[in-house]
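The structure file protein.txt is reproduced below (compact mmCIF, C-alpha atoms).
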# COMPACT_ATOMS: atom_id res chain seq x y z
CA MET A 135 69.23 97.14 181.11
CA SER A 136 70.24 99.82 183.58
CA ILE A 137 73.79 100.51 184.65
CA GLU A 138 72.96 99.18 188.10
CA THR A 139 72.19 95.69 186.71
CA ILE A 140 75.59 95.26 185.05
CA ALA A 141 77.90 92.80 186.82
CA PRO A 142 80.39 94.61 189.07
CA ILE A 143 83.86 95.35 187.73
CA ASP A 144 86.88 93.67 189.28
CA ASN A 145 89.22 96.47 190.35
CA THR A 146 91.47 94.44 192.61
CA ALA A 147 94.62 95.06 190.56
CA ALA A 148 93.81 98.31 188.76
CA GLU A 149 92.97 101.90 189.53
CA ALA A 150 89.36 102.20 190.55
CA LEU A 151 87.11 102.30 187.50
CA THR A 152 83.48 103.08 188.11
CA GLU A 153 80.55 101.98 185.98
CA GLN A 154 79.39 105.60 185.86
CA GLU A 155 82.77 106.69 184.45
CA ILE A 156 82.79 103.91 181.84
CA PHE A 157 79.23 104.41 180.62
CA ALA A 158 79.65 108.19 180.50
CA SER A 159 82.71 107.77 178.28
CA HIS A 160 80.84 105.52 175.84
CA GLU A 161 77.61 107.52 175.74
CA GLY A 162 76.99 108.66 172.17
CA GLY A 163 79.80 106.45 170.90
CA LYS A 164 83.54 107.01 170.79
CA LEU A 165 83.93 108.16 167.18
CA SER A 166 83.03 111.15 165.03
CA ILE A 167 83.80 112.36 161.50
CA THR A 168 85.37 115.78 161.00
CA SER A 169 86.05 117.65 157.79
CA THR A 170 89.62 118.16 156.61
CA VAL A 171 88.68 121.22 154.52
CA PRO A 172 87.22 124.60 155.52
CA LEU A 173 83.48 125.14 155.08
CA ALA A 174 83.22 128.77 156.17
CA ASN A 175 81.86 130.49 153.03
CA LYS A 176 80.28 129.92 149.62
CA ARG A 177 83.64 129.44 147.93
CA ASP A 178 84.55 126.68 150.41
CA LEU A 179 81.20 124.98 149.73
CA SER A 180 81.71 125.24 145.98
CA ILE A 181 85.10 123.55 146.23
CA ALA A 182 84.22 120.85 148.75
CA TYR A 183 80.81 120.08 147.30
CA THR A 184 78.88 121.21 144.25
CA PRO A 185 79.90 122.32 141.67
CA GLY A 186 83.60 121.67 142.28
CA VAL A 187 83.27 118.08 143.49
CA ALA A 188 81.78 117.06 140.13
CA GLN A 189 85.14 117.64 138.45
CA VAL A 190 86.81 115.18 140.82
CA SER A 191 84.07 112.61 140.27
CA ARG A 192 84.43 112.93 136.50
CA ALA A 193 88.17 112.50 136.80
CA ILE A 194 87.81 109.34 138.91
CA HIS A 195 85.28 107.97 136.42
CA ALA A 196 87.89 108.45 133.69
CA ASP A 197 90.76 107.15 135.83
CA PRO A 198 89.65 105.01 138.83
CA GLU A 199 93.19 105.08 140.26
CA LEU A 200 92.57 108.71 141.27
CA ALA A 201 90.22 107.44 143.99
CA LYS A 202 93.35 106.41 145.89
CA THR A 203 94.59 109.99 146.10
CA HIS A 204 91.39 112.04 145.97
CA THR A 205 89.18 110.15 148.45
CA TRP A 206 89.82 108.77 151.90
CA ALA A 207 89.20 105.14 150.83
CA GLN A 208 92.87 104.22 150.43
CA ARG A 209 93.54 105.29 154.03
CA LEU A 210 90.36 103.84 155.53
CA VAL A 211 90.30 100.54 157.43
CA ALA A 212 87.00 98.71 157.82
CA VAL A 213 86.85 97.08 161.26
CA VAL A 214 84.48 94.16 160.66
CA SER A 215 82.80 91.82 163.14
CA ASP A 216 79.78 89.55 163.33
CA GLY A 217 79.82 89.64 167.14
CA THR A 218 80.43 85.91 167.60
CA ALA A 219 83.58 86.00 169.76
CA VAL A 220 83.72 89.39 171.48
CA LEU A 221 86.47 89.73 174.09
CA GLY A 222 85.68 87.16 176.78
CA LEU A 223 81.94 87.61 176.31
CA GLY A 224 81.39 85.13 173.49
CA ASN A 225 78.61 85.34 170.91
CA ILE A 226 76.85 88.55 171.95
CA GLY A 227 75.78 89.74 168.50
CA ALA A 228 76.56 92.61 166.18
CA SER A 229 75.07 95.51 168.13
CA ALA A 230 76.75 94.52 171.40
CA SER A 231 80.07 94.20 169.60
CA LEU A 232 79.93 97.77 168.28
CA PRO A 233 81.50 99.47 171.35
CA VAL A 234 84.51 97.18 170.93
CA MET A 235 84.80 97.93 167.23
CA GLU A 236 84.54 101.66 167.93
CA GLY A 237 87.38 101.25 170.40
CA LYS A 238 89.46 99.45 167.78
CA SER A 239 88.87 102.30 165.34
CA ALA A 240 89.95 104.78 167.99
CA LEU A 241 93.19 102.80 168.44
CA PHE A 242 93.84 102.88 164.68
CA LYS A 243 93.61 106.66 164.75
CA ALA A 244 95.64 107.18 167.92
CA PHE A 245 98.46 104.76 167.17
CA GLY A 246 98.51 104.41 163.37
CA GLU A 247 97.09 107.76 162.23
CA LEU A 248 94.62 105.79 160.13
CA ASP A 249 90.93 106.49 159.78
CA SER A 250 88.70 103.47 160.23
CA ILE A 251 85.03 102.67 160.41
CA PRO A 252 83.32 99.88 162.36
CA LEU A 253 81.08 97.58 160.34
CA VAL A 254 79.12 95.08 162.42
CA LEU A 255 77.04 92.62 160.42
CA ASN A 256 73.82 90.84 161.32
CA THR A 257 74.89 87.59 159.73
CA THR A 258 77.25 84.78 160.67
CA ASP A 259 77.23 83.28 157.18
CA VAL A 260 80.77 83.46 155.78
CA ASP A 261 79.68 83.85 152.17
CA GLU A 262 77.22 86.62 153.05
CA ILE A 263 79.95 88.54 154.89
CA VAL A 264 82.32 88.14 151.93
CA GLU A 265 79.65 89.29 149.48
CA THR A 266 78.85 92.31 151.65
CA LEU A 267 82.47 93.42 151.81
CA VAL A 268 83.04 92.82 148.10
CA ARG A 269 80.12 95.15 147.36
CA LEU A 270 81.51 97.75 149.79
CA ARG A 271 85.08 97.50 148.48
CA PRO A 272 85.14 100.98 146.83
CA SER A 273 84.57 102.52 150.26
CA PHE A 274 87.69 101.27 152.12
CA GLY A 275 91.35 100.37 151.66
CA ALA A 276 91.80 97.47 154.10
CA VAL A 277 89.83 95.08 156.30
CA ASN A 278 90.56 94.33 159.95
CA LEU A 279 88.52 91.30 160.99
CA GLU A 280 87.70 91.32 164.68
CA ASP A 281 86.04 88.98 167.16
CA VAL A 282 84.87 86.33 164.69
CA SER A 283 84.59 82.85 166.19
CA ALA A 284 86.79 79.91 165.22
CA PRO A 285 86.87 77.91 163.03
CA ARG A 286 84.73 80.22 160.85
CA CYS A 287 87.31 82.98 161.17
CA PHE A 288 89.86 80.93 159.21
CA GLU A 289 87.49 80.37 156.30
CA LEU A 290 86.33 83.98 156.35
CA GLU A 291 89.83 85.42 156.26
CA GLU A 292 90.94 83.08 153.49
CA LYS A 293 87.91 83.86 151.32
CA LEU A 294 88.25 87.61 151.85
CA ILE A 295 91.93 87.56 150.94
CA GLU A 296 91.02 85.88 147.66
CA ALA A 297 87.99 88.07 146.97
CA LEU A 298 89.44 91.51 147.79
CA ASP A 299 92.39 93.30 146.21
CA CYS A 300 93.42 94.96 149.48
CA PRO A 301 95.05 94.03 152.81
CA VAL A 302 92.93 91.77 155.04
CA MET A 303 93.96 90.56 158.49
CA HIS A 304 92.15 88.90 161.39
CA ASP A 305 93.85 90.70 164.26
CA ASP A 306 92.79 88.18 166.91
CA GLN A 307 94.95 85.70 165.03
CA HIS A 308 97.87 87.55 163.56
CA GLY A 309 98.22 90.60 165.77
CA THR A 310 98.45 88.31 168.77
CA ALA A 311 100.94 86.06 166.99
CA VAL A 312 103.21 88.94 165.97
CA VAL A 313 103.46 90.31 169.50
CA VAL A 314 104.00 86.83 170.99
CA LEU A 315 106.91 86.27 168.60
CA ALA A 316 108.37 89.68 169.47
CA ALA A 317 108.07 88.98 173.20
CA LEU A 318 109.50 85.49 172.86
CA THR A 319 112.48 86.89 170.96
CA GLY A 320 113.25 89.10 173.94
CA ALA A 321 112.56 86.41 176.52
CA ALA A 322 114.89 83.98 174.76
CA LYS A 323 117.70 86.52 174.96
CA VAL A 324 117.01 87.22 178.64
CA THR A 325 117.25 83.50 179.43
CA GLY A 326 120.28 82.89 177.22
CA ARG A 327 118.54 80.73 174.66
CA GLU A 328 118.41 80.64 170.87
CA LEU A 329 114.92 81.19 169.52
CA GLU A 330 115.12 78.29 167.08
CA GLY A 331 116.01 75.79 169.81
CA LEU A 332 113.06 76.48 172.10
CA ARG A 333 110.53 73.83 173.06
CA VAL A 334 107.19 75.64 173.03
CA VAL A 335 103.75 74.55 174.24
CA VAL A 336 100.77 76.59 173.05
CA SER A 337 97.59 76.05 175.06
CA GLY A 338 94.55 76.84 172.94
CA ALA A 339 93.93 75.75 169.36
CA GLY A 340 91.50 78.47 168.36
CA ALA A 341 92.20 81.53 166.24
CA ALA A 342 95.05 82.93 168.34
CA GLY A 343 96.63 79.59 169.24
CA ILE A 344 96.90 78.34 165.68
CA ALA A 345 98.24 81.69 164.46
CA VAL A 346 100.84 81.75 167.26
CA ALA A 347 101.95 78.22 166.39
CA GLU A 348 102.16 79.13 162.70
CA ILE A 349 104.28 82.24 163.18
CA LEU A 350 106.64 80.46 165.60
CA LEU A 351 107.16 77.67 163.08
CA THR A 352 107.67 80.24 160.31
CA ALA A 353 110.26 81.98 162.49
CA GLY A 354 112.27 78.76 162.66
CA ILE A 355 111.18 77.21 165.97
CA LYS A 356 110.97 73.49 165.26
CA ASP A 357 109.45 72.06 168.46
CA VAL A 358 105.95 73.51 168.91
CA VAL A 359 103.20 71.49 170.62
CA LEU A 360 99.64 72.74 170.36
CA LEU A 361 97.06 71.78 173.00
CA ASP A 362 93.29 71.87 172.79
CA SER A 363 90.68 70.66 175.29
CA ARG A 364 91.42 67.04 174.32
CA GLY A 365 95.18 67.31 174.68
CA ALA A 366 98.12 67.51 172.29
CA ILE A 367 97.35 68.02 168.61
CA SER A 368 98.74 65.13 166.60
CA ALA A 369 97.97 63.40 163.31
CA GLU A 370 97.26 60.16 165.20
CA ARG A 371 94.33 61.58 167.16
CA ALA A 372 91.13 60.06 165.80
CA ASP A 373 89.12 63.30 165.76
CA ILE A 374 91.87 65.12 163.85
CA ALA A 375 92.44 62.29 161.38
CA ALA A 376 88.70 62.30 160.70
CA ASP A 377 88.82 65.93 159.48
CA PRO A 378 91.99 66.24 157.37
CA ALA A 379 90.97 69.62 155.91
CA SER A 380 90.73 71.35 159.30
CA LYS A 381 93.27 73.84 160.62
CA LYS A 382 94.07 71.48 163.48
CA ALA A 383 94.86 68.69 161.02
CA GLN A 384 97.10 71.02 159.04
CA MET A 385 98.91 72.03 162.22
CA ALA A 386 99.29 68.36 163.18
CA GLN A 387 101.38 67.87 160.04
CA ARG A 388 103.73 70.74 160.94
CA SER A 389 103.98 70.63 164.74
CA ASN A 390 104.63 68.18 167.62
CA PRO A 391 107.75 66.63 166.09
CA ARG A 392 108.29 64.30 169.08
CA GLY A 393 104.78 62.87 168.79
CA ILE A 394 103.69 63.86 172.29
CA THR A 395 100.31 62.57 173.41
CA GLY A 396 98.29 63.47 176.48
CA GLY A 397 97.61 66.79 178.15
CA PRO A 398 99.57 69.65 179.73
CA GLY A 399 101.52 67.34 182.02
CA GLU A 400 103.01 65.39 179.12
CA ALA A 401 103.47 68.42 176.87
CA LEU A 402 105.17 70.64 179.46
CA LEU A 403 107.72 68.03 180.56
CA ALA A 404 111.13 69.59 179.69
CA ALA A 405 109.46 72.45 177.81
CA ASP A 406 111.05 75.90 177.73
CA VAL A 407 107.98 77.99 176.94
CA PHE A 408 104.27 77.99 177.79
CA VAL A 409 101.97 80.26 175.76
CA GLY A 410 98.39 80.36 177.02
CA VAL A 411 95.67 81.66 174.71
CA SER A 412 92.70 79.77 176.08
CA SER A 413 90.45 79.85 179.13
CA SER A 414 92.12 76.74 180.59
CA LYS A 415 93.96 77.10 183.88
CA LEU A 416 97.57 75.99 184.29
CA ASP A 417 98.24 73.84 187.35
CA GLU A 418 101.21 74.91 189.46
CA GLU A 419 102.43 71.32 189.43
CA HIS A 420 102.81 71.52 185.64
CA LEU A 421 105.12 74.52 185.97
CA LYS A 422 107.51 72.34 187.94
CA LEU A 423 107.86 70.05 184.93
CA MET A 424 109.31 72.75 182.70
CA ASN A 425 113.00 73.38 182.17
CA HIS A 426 114.94 75.69 184.47
CA SER A 427 114.52 79.43 183.72
CA SER A 428 111.35 78.75 181.80
CA ILE A 429 109.19 81.33 179.99
CA VAL A 430 105.47 81.64 180.75
CA PHE A 431 103.09 83.76 178.70
CA ALA A 432 99.65 83.51 180.37
CA LEU A 433 97.65 85.69 177.99
CA SER A 434 93.99 85.02 178.75
CA ASN A 435 92.09 88.14 179.77
CA PRO A 436 91.03 89.20 182.29
CA ASP A 437 92.08 86.04 184.13
CA PRO A 438 95.47 84.61 183.10
CA GLU A 439 95.92 80.84 182.93
CA VAL A 440 98.22 81.23 185.93
CA LEU A 441 98.77 84.34 188.03
CA PRO A 442 102.17 86.00 187.55
CA ASP A 443 103.21 85.66 191.19
CA VAL A 444 102.64 81.91 190.99
CA ALA A 445 104.38 81.54 187.63
CA ALA A 446 107.35 83.57 188.87
CA ARG A 447 108.16 80.86 191.44
CA TYR A 448 109.34 78.68 188.57
CA ALA A 449 109.72 80.87 185.47
CA ALA A 450 112.45 83.38 184.69
CA VAL A 451 110.19 85.49 182.45
CA VAL A 452 106.42 85.92 182.84
CA ALA A 453 104.06 87.86 180.58
CA THR A 454 100.30 88.41 180.52
CA GLY A 455 97.78 90.31 178.43
CA ARG A 456 97.06 92.77 181.25
CA SER A 457 98.36 96.29 181.65
CA ASP A 458 98.70 96.01 185.43
CA PHE A 459 101.51 93.42 185.24
CA PRO A 460 104.94 93.65 183.55
CA ASN A 461 105.37 92.44 179.97
CA GLN A 462 101.94 93.13 178.54
CA ILE A 463 101.38 91.24 175.28
CA ASN A 464 99.02 93.67 173.58
CA ASN A 465 97.89 93.60 169.94
CA VAL A 466 98.06 97.39 169.77
CA LEU A 467 101.83 96.97 169.46
CA ALA A 468 101.26 95.36 166.07
CA PHE A 469 98.08 96.05 164.15
CA PRO A 470 98.24 99.86 163.66
CA GLY A 471 101.73 99.67 162.17
CA ILE A 472 101.00 96.54 160.13
CA PHE A 473 98.01 98.13 158.41
CA ARG A 474 99.74 101.50 158.04
CA GLY A 475 102.81 99.87 156.51
CA ALA A 476 100.74 97.76 154.13
CA LEU A 477 98.73 100.79 152.99
CA ASP A 478 101.81 103.01 152.69
CA ALA A 479 103.38 100.39 150.42
CA GLY A 480 100.23 99.91 148.37
CA ALA A 481 100.26 96.21 149.25
CA ARG A 482 97.41 93.95 148.17
CA ARG A 483 98.18 91.35 150.85
CA ILE A 484 99.61 91.12 154.37
CA THR A 485 102.18 88.35 154.01
CA PRO A 486 104.05 86.14 156.51
CA ALA A 487 107.20 88.13 155.71
CA MET A 488 105.46 91.36 156.69
CA LYS A 489 104.32 89.84 159.99
CA LEU A 490 107.84 88.60 160.76
CA ALA A 491 109.17 92.07 159.97
CA ALA A 492 106.67 93.59 162.39
CA ALA A 493 107.71 91.18 165.15
CA ARG A 494 111.40 91.97 164.61
CA ALA A 495 110.73 95.71 164.74
CA ILE A 496 108.86 95.41 168.03
CA ALA A 497 111.54 93.16 169.55
CA GLU A 498 114.36 95.49 168.51
CA LEU A 499 112.79 98.42 170.37
CA ALA A 500 113.18 96.54 173.67
CA GLU A 501 116.80 95.46 173.15
CA ASP A 502 118.49 98.44 174.83
CA ASN A 503 116.71 97.88 178.14
CA LEU A 504 115.99 94.17 177.92
CA SER A 505 115.25 92.46 181.23
CA ALA A 506 112.97 89.85 182.74
CA ASP A 507 110.34 92.54 183.28
CA TYR A 508 110.85 94.28 179.93
CA ILE A 509 110.78 92.02 176.86
CA VAL A 510 108.56 94.23 174.69
CA PRO A 511 108.03 98.00 174.67
CA SER A 512 104.96 99.55 176.24
CA PRO A 513 101.87 99.80 174.03
CA LEU A 514 102.07 103.55 174.71
CA ASP A 515 105.68 103.84 173.46
CA PRO A 516 105.49 106.37 170.59
CA ARG A 517 108.32 104.63 168.71
CA VAL A 518 106.36 101.44 168.11
CA ALA A 519 103.89 102.27 165.34
CA PRO A 520 106.43 104.15 163.18
CA ALA A 521 108.98 101.34 163.54
CA VAL A 522 106.44 98.65 162.64
CA THR A 523 105.10 100.76 159.77
CA ALA A 524 108.57 101.17 158.26
CA ALA A 525 109.46 97.49 158.67
CA VAL A 526 106.19 96.27 157.14
CA ALA A 527 106.39 98.73 154.23
CA ALA A 528 109.96 97.62 153.51
CA ALA A 529 108.98 93.94 153.60
CA ALA A 530 106.02 94.68 151.32
CA ALA A 531 108.25 96.51 148.84
CA GLU A 532 110.77 93.69 148.88
CA GLY A 533 108.07 91.10 148.25
CA ALA A 534 106.17 93.34 145.81
CA VAL A 535 102.77 92.16 147.06
Structure encoded using structure tokens:
Amino acid sequence: MSIETIAPIDNTAAEALTEQEIFASHEGGKLSITSTVPLANKRDLSIAYTPGVAQVSRAIHADPELAKTHTWAQRLVAVVSDGTAVLGLGNIGASASLPVMEGKSALFKAFGELDSIPLVLNTTDVDEIVETLVRLRPSFGAVNLEDVSAPRCFELEEKLIEALDCPVMHDDQHGTAVVVLAALTGAAKVTGRELEGLRVVVSGAGAAGIAVAEILLTAGIKDVVLLDSRGAISAERADIAADPASKKAQMAQRSNPRGITGGPGEALLAADVFVGVSSSKLDEEHLKLMNHSSIVFALSNPDPEVLPDVAARYAAVVATGRSDFPNQINNVLAFPGIFRGALDAGARRITPAMKLAAARAIAELAEDNLSADYIVPSPLDPRVAPAVTAAVAAAAAEGAV
């Protein structure tokens, strides 16, 4: 496929990006490996490779723990995808997902000072992916799952956490959830509310939606209603009752305390917060049903569930996932520091307490300048990754995971 046959890029709200500029930037890939030691003479070669390297290999054979300090594995994140849910493109396959995974690795380096390597797999079988990563375990120190479709992503993450003795996190779920909680903490303060007392509606019951609902409930918010394409999630819905082991059924037991049925109109009546993480559009009439000074997070990319200028007619605080509007909810605020903190602490797991600590750290950075247009720091704020790293490492040490 030539560049000319690619669909045109929408530049209506951003600086002009050209296809030529984009493709030139990606040509040859976005990553490279460089040596950390000199290789200028025979002595350098003898130290870095044979015969000197044999001494290190013998030492690791005698004491495998030395691999953590004398190889890069302990500081290496594997960015893993099967290409089934890539950005807004859907199931485009492993090879087509690789530019995205390379970009994720570049973000790990730039924001978390962590090396990472993309691994895209030509299988969608959960057990095959787990087996592959178990066999590769000596080569990396953590796994960032990326762009794996729901509901398989839930099973895959759970099985990998059990199978591997290192941090594993599906960023589409938990990175999103952490930043939403951080942003909502700031928005609640801007609107004079207590976080725990909010009535929240989450539109979208896929990977991100369920993770957002889970972290909000863990943070103490009691009234969370989750919507899917059929309406409010509840234990009484026939399709949910028929599959009691599903994530939706589990969420039905923990959410929707007022037993709301129906769609957005019923769920948003007297709600304080709307969080959109689906492709569904939000009708302007539904915004009128929400409480005064409401909070709207329309996070679908590139097209939010409702445009900010429309939402701002009714809401006191509006956020999107886009960089060209205020209050960007961006996973890069969370995942570099979460993984760096977990690895710094030698953690075997990324726990709910570590995610809550990350959200608090992000929220605290915005407190000095908190306003309706500034509820989280910029993704480019250099304070973010170190603050999240420290908070996550401290939570890991406290929980001894």
Q) atom CA of A:Leu248 and atom CA of A:Leu210, how far apart in Å? A)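 Spanning atom CA of A:Leu210 to atom CA of A:Leu248 is a straight-line distance of 6.6 Å.
Nearest to A:Ser159 of all the residues A:Pro520, A:Val312, A:Ala182, A:Pro233 is A:Pro233, based on all atoms listed in the file.
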What are the nearest atom pairs, with distances in Å to one decimal, for all residues of stretch 280-341 of chain A that come at most 9 Å from stretch 461-471 of chain A, using all atoms listed in the file, set out by chain and rising residue number as JSON lines?
{"residue": "A:Met303", "atom": "CA", "partner": "A:Phe469", "partner_atom": "CA", "distance": 8.9}
{"residue": "A:Asp305", "atom": "CA", "partner": "A:Phe469", "partner_atom": "CA", "distance": 6.8}
{"residue": "A:Asp306", "atom": "CA", "partner": "A:Asn465", "partner_atom": "CA", "distance": 8.0}
{"residue": "A:His308", "atom": "CA", "partner": "A:Phe469", "partner_atom": "CA", "distance": 8.5}
{"residue": "A:Gly309", "atom": "CA", "partner": "A:Asn465", "partner_atom": "CA", "distance": 5.1}
{"residue": "A:Thr310", "atom": "CA", "partner": "A:Asn465", "partner_atom": "CA", "distance": 5.4}
{"residue": "A:Ala311", "atom": "CA", "partner": "A:Asn465", "partner_atom": "CA", "distance": 8.7}
{"residue": "A:Val312", "atom": "CA", "partner": "A:Ala468", "partner_atom": "CA", "distance": 6.7}
{"residue": "A:Val313", "atom": "CA", "partner": "A:Ile463", "partner_atom": "CA", "distance": 6.2}
{"residue": "A:Val314", "atom": "CA", "partner": "A:Ile463", "partner_atom": "CA", "distance": 6.7}
{"residue": "A:Ala317", "atom": "CA", "partner": "A:Ile463", "partner_atom": "CA", "distance": 7.4}
Q: Find, counting all atoms listed in the file, the residue in A:Gly186, A:Pro198, A:Gly275, A:Gly162 that gets nearest to A:Leu232.
A: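 Closest candidate: A:Gly162.
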Please report as CSV every residue of stretch 409-495 of chain A lying within 10 Å of stretch 345-354 of chain A, along with the nearest atom pair and their distance in Å (one decimal), using all atoms listed in the file.
residue,atom,partner,partner_atom,distance
A:Val409,CA,A:Val346,CA,8.7
A:Val411,CA,A:Val346,CA,9.1
A:Pro486,CA,A:Ile349,CA,7.7
A:Ala487,CA,A:Thr352,CA,9.1
A:Lys489,CA,A:Ile349,CA,8.2
A:Leu490,CA,A:Ala353,CA,7.3
A:Ala493,CA,A:Ile349,CA,9.8
For stretch 380-455 of chain A against stretch 501-516 of chain A, with a cut-off of 8 Å and counting all atoms listed in the file, what is the closest atom pair and its distance in Å to one decimal for every residue that makes the cut, ordered by chain and number, as a Markdown table?
| residue | atom | partner | partner_atom | distance |
| --- | --- | --- | --- | --- |
| A:Ala450 | CA | A:Ala506 | CA | 6.8 |
| A:Val451 | CA | A:Ala506 | CA | 5.2 |
| A:Val452 | CA | A:Ala506 | CA | 7.6 |
Just the selected residues (C-alpha atoms), exported as a PDB file, keeping the file's coordinate frame, please.
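Output file part.pdb follows:
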ATOM      1  CA  ALA A 450     112.450  83.380 184.690  1.00  0.00           C
ATOM      2  CA  VAL A 451     110.190  85.490 182.450  1.00  0.00           C
ATOM      3  CA  VAL A 452     106.420  85.920 182.840  1.00  0.00           C
TER       4      VAL A 452
END
**Q.** Which residue of A:Ser427, A:Gly246, A:Pro252, A:Leu403 approaches A:Thr523 most closely, using only C-alpha atoms
**A.**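 Nearest candidate to A:Thr523 out of A:Ser427, A:Gly246, A:Pro252, A:Leu403: A:Gly246.
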